[in-house]
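The structure appears right after this line, and notes come after that.
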Amino acid sequence: MTRPMTITEKIFADHAGLESVKPGDLITAKVDLTLANDITGPVAVKEFKKTGAKKVFDTNRVVFVPDHFVPNKDIKSAEQVKMLRDFSREYGLKNFFDVGKMGIEHALLPELGLVGPGDLVIGADSHTCTYGALGAFSTGVGSTDLACAMALGETWFMVPETIKVEFDGKLNKWVSAKDLILFLIGQIGVDGALYQALEIGGSTIREMPIDGRFTICNMAIEAGAKNGIIEPDEITEEYVKGRCQRPYKFYKSDKDAEYSKILKYDVSEIEPQVAFPHLPENTKPISQVGNIKIDQSVIGSCTNGRISDLEIAADILKGRKVHPDVRLIVFPGTQDIYLEAIEKGYIQTIVKAGGAVSTPTCGPCLGGHMGILAKGERAISTTNRNFVGRMGDVESEVYLSSPAIAAASAVLGEITSPEKI
Amino acid sequence: MTKTWVYKDNVDTDVIIPARYLNTSEPAELAKHCMEDIDKDFANEVKQGDVIIAGENFGCGSSREHAPIAIKASGIKAVIAKSFARIFFRNAINIGLVILKNAELPDEVKKGDEIDVDIENGTIKNLSTGKTYPTTAYTGSIKELIDIGGLVNYTKDKLGNSK
């Protein structure tokens, strides 16, 4: 009889060819897919060449998505992307996504069915943990780790302990997946799940559409977690059926699996959340935010750039105008999301309200380009980090929130709930 | 003389090397802007062999390997912290930046204190106060990885490409 295991442990065991694993085990596991972007990819390419490898482990499973500084913001960025483009051609990679066909990596890969339930995925980007929403193990690594996995198709892991989080109850009006994950980070802190798996479930999550699940797993890293993961179910099946390019497998945690901690929250007690500068753990419920004027509102990113995020923003902006002192910048996650938002009229609504809509890019989220803050400026943003200088000048400030709060705040000119506009 | 640079908890990768400088991966270029957003003096005044000491969760945030690369290229001999963020930990090991854990030193050290780090024996001595602190030496597969010269050499070996 093997020991009862969590979903994360089961995925590790299968990919390591072992009957069972336990927290603390150092294992070598096969990876189903590797991913890098235009910041981390060039370093990975250089390290890959140092290994002397003649080919990548699988030309279908080594993916490059230039998304951070694209469309190329300057000559150096253009060189970085070109390095990935050239490498992709030279090594025959099937999945290199250039401007016009790309998306923000963590919105794009699930949409294309390149990742699926039961996969073990590593990406040279910390928000690779997003795919846990499909019941995959996925985690961020650095460029050297990635380069070696590109060559070998495997890498080493320490099996993490798992924290189980259960959200139960009915969500209040204007409370979304983003609010739940911000609330959780506020509760446990930015290192509250350090080195651990964060398994998220409960009745609220079982009823949550896939977009919200992506948002939650995306920010597991902001609690220091190795991965965020949600057990796959009918909602997952509906999303991946006919979409996944490879066979997939549903893993579920055993009933008597061991957890380092079990946290339970009644979501009916949770308000929309805002994370104050300069850490995602500095959360306050919207009722306690006070009067905070903003200069910019940013809606999009790998956290909140999906169609349902744009829908809620458009609903709030319909028939309203962005405050004269605010720049609203909206960036859809992928070309397909962009197109769907055009077809559904969301883009028209946002532009009519006085918002700017950008091609998919990570630009403003990390202070790269397309929406940098000056000294003393303040933004409300649906992105995932509000570190010092994250969106621009060291003396600028970022407040994190859901798309509903960011859209309403853009209208009022200060941080607010949609109820107040 | 080994001098210390002391920081608090949650030093994130965005302040270690701000994203606006990530359009290059040249170590010397990155070093010019290392720690710039929390310490304007660091890049100008850091000397070969200096040590960074910080609190919990050092290197949290992004997966950018540019962060440990920038620190290493600044001449920093070791980073000592109460704890490290996971991706930063792996990256540092992979590129050969020495990182050590100690729970007390970060609270008892002052910027500029002279520090002696003995990596082989796993001890840290604050020469300014005379106090010695233990740190855990690496063991098992992580030590093997360090001994072979990092992950690239390990991979080269595995592919049969080592001379």
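For the structure tokens, the naming scheme is as follows: chains receive sequential letters (A, B, ...) according to their order of presentation, residues are indexed from 1 within each chain, and ligands are indexed from 1 in presentation order.
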
What are the residues of chain A that have an atom within 9 Å of an atom of chain B, counting only C-alpha atoms, as a PyMOL selection string? chain A and resi 26+38-40+42-43+47-48+50-53+69+74-80+123-127+140-145+147-149+151-152+190-191+194-195+221-222+224-226+279+366-369+385+387-390+392-394

Can you list, as an MDAnalysis selection string, all residues belonging to segment 16-106 of chain B that DSSP tags as alpha helix (DSSP H)? chainID B and resid 16 27:31 42:45 66:73 86:95 105:106

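The two atoms in question, atom CA of Tyr259 of chain A and atom CA of Lys170 of chain A, are spaced 25.3 Å apart.
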
Quick one: residues within 10 Å of segment 113-117 of chain B, only C-alpha atoms counted, chain neighbours fewer than 6 positions away excluded, as a list in words?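 Final neighbour list, sorted by chain and number: Met1, Thr2, Lys3, Thr4, Trp5, Val6, Gly49, Asp50, Val51, Lys77, Ala78, Ile80, Leu100, Thr123, Ile124, Lys125, Asn126, Leu127, Ser128, Thr129, Gly130, Lys131, Thr132, Tyr133 and Thr135 of chain B.
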
Name the residues in contact with Glu104 of chain B at a cut-off of 8 Å, using only C-alpha atoms, excluding same-chain residues fewer than 2 positions from it; report them as a ChimeraX atom specification. /B:82,102,106-108,133

Do a neighbour search on Ser20 of chain A at 10 Å with only C-alpha atoms, toss out local chain neighbours closer than 5 positions, and write the hits as JSON, numbers by chain. {"A": [1, 2, 3, 4, 5, 9, 10, 11, 12, 13, 14]}
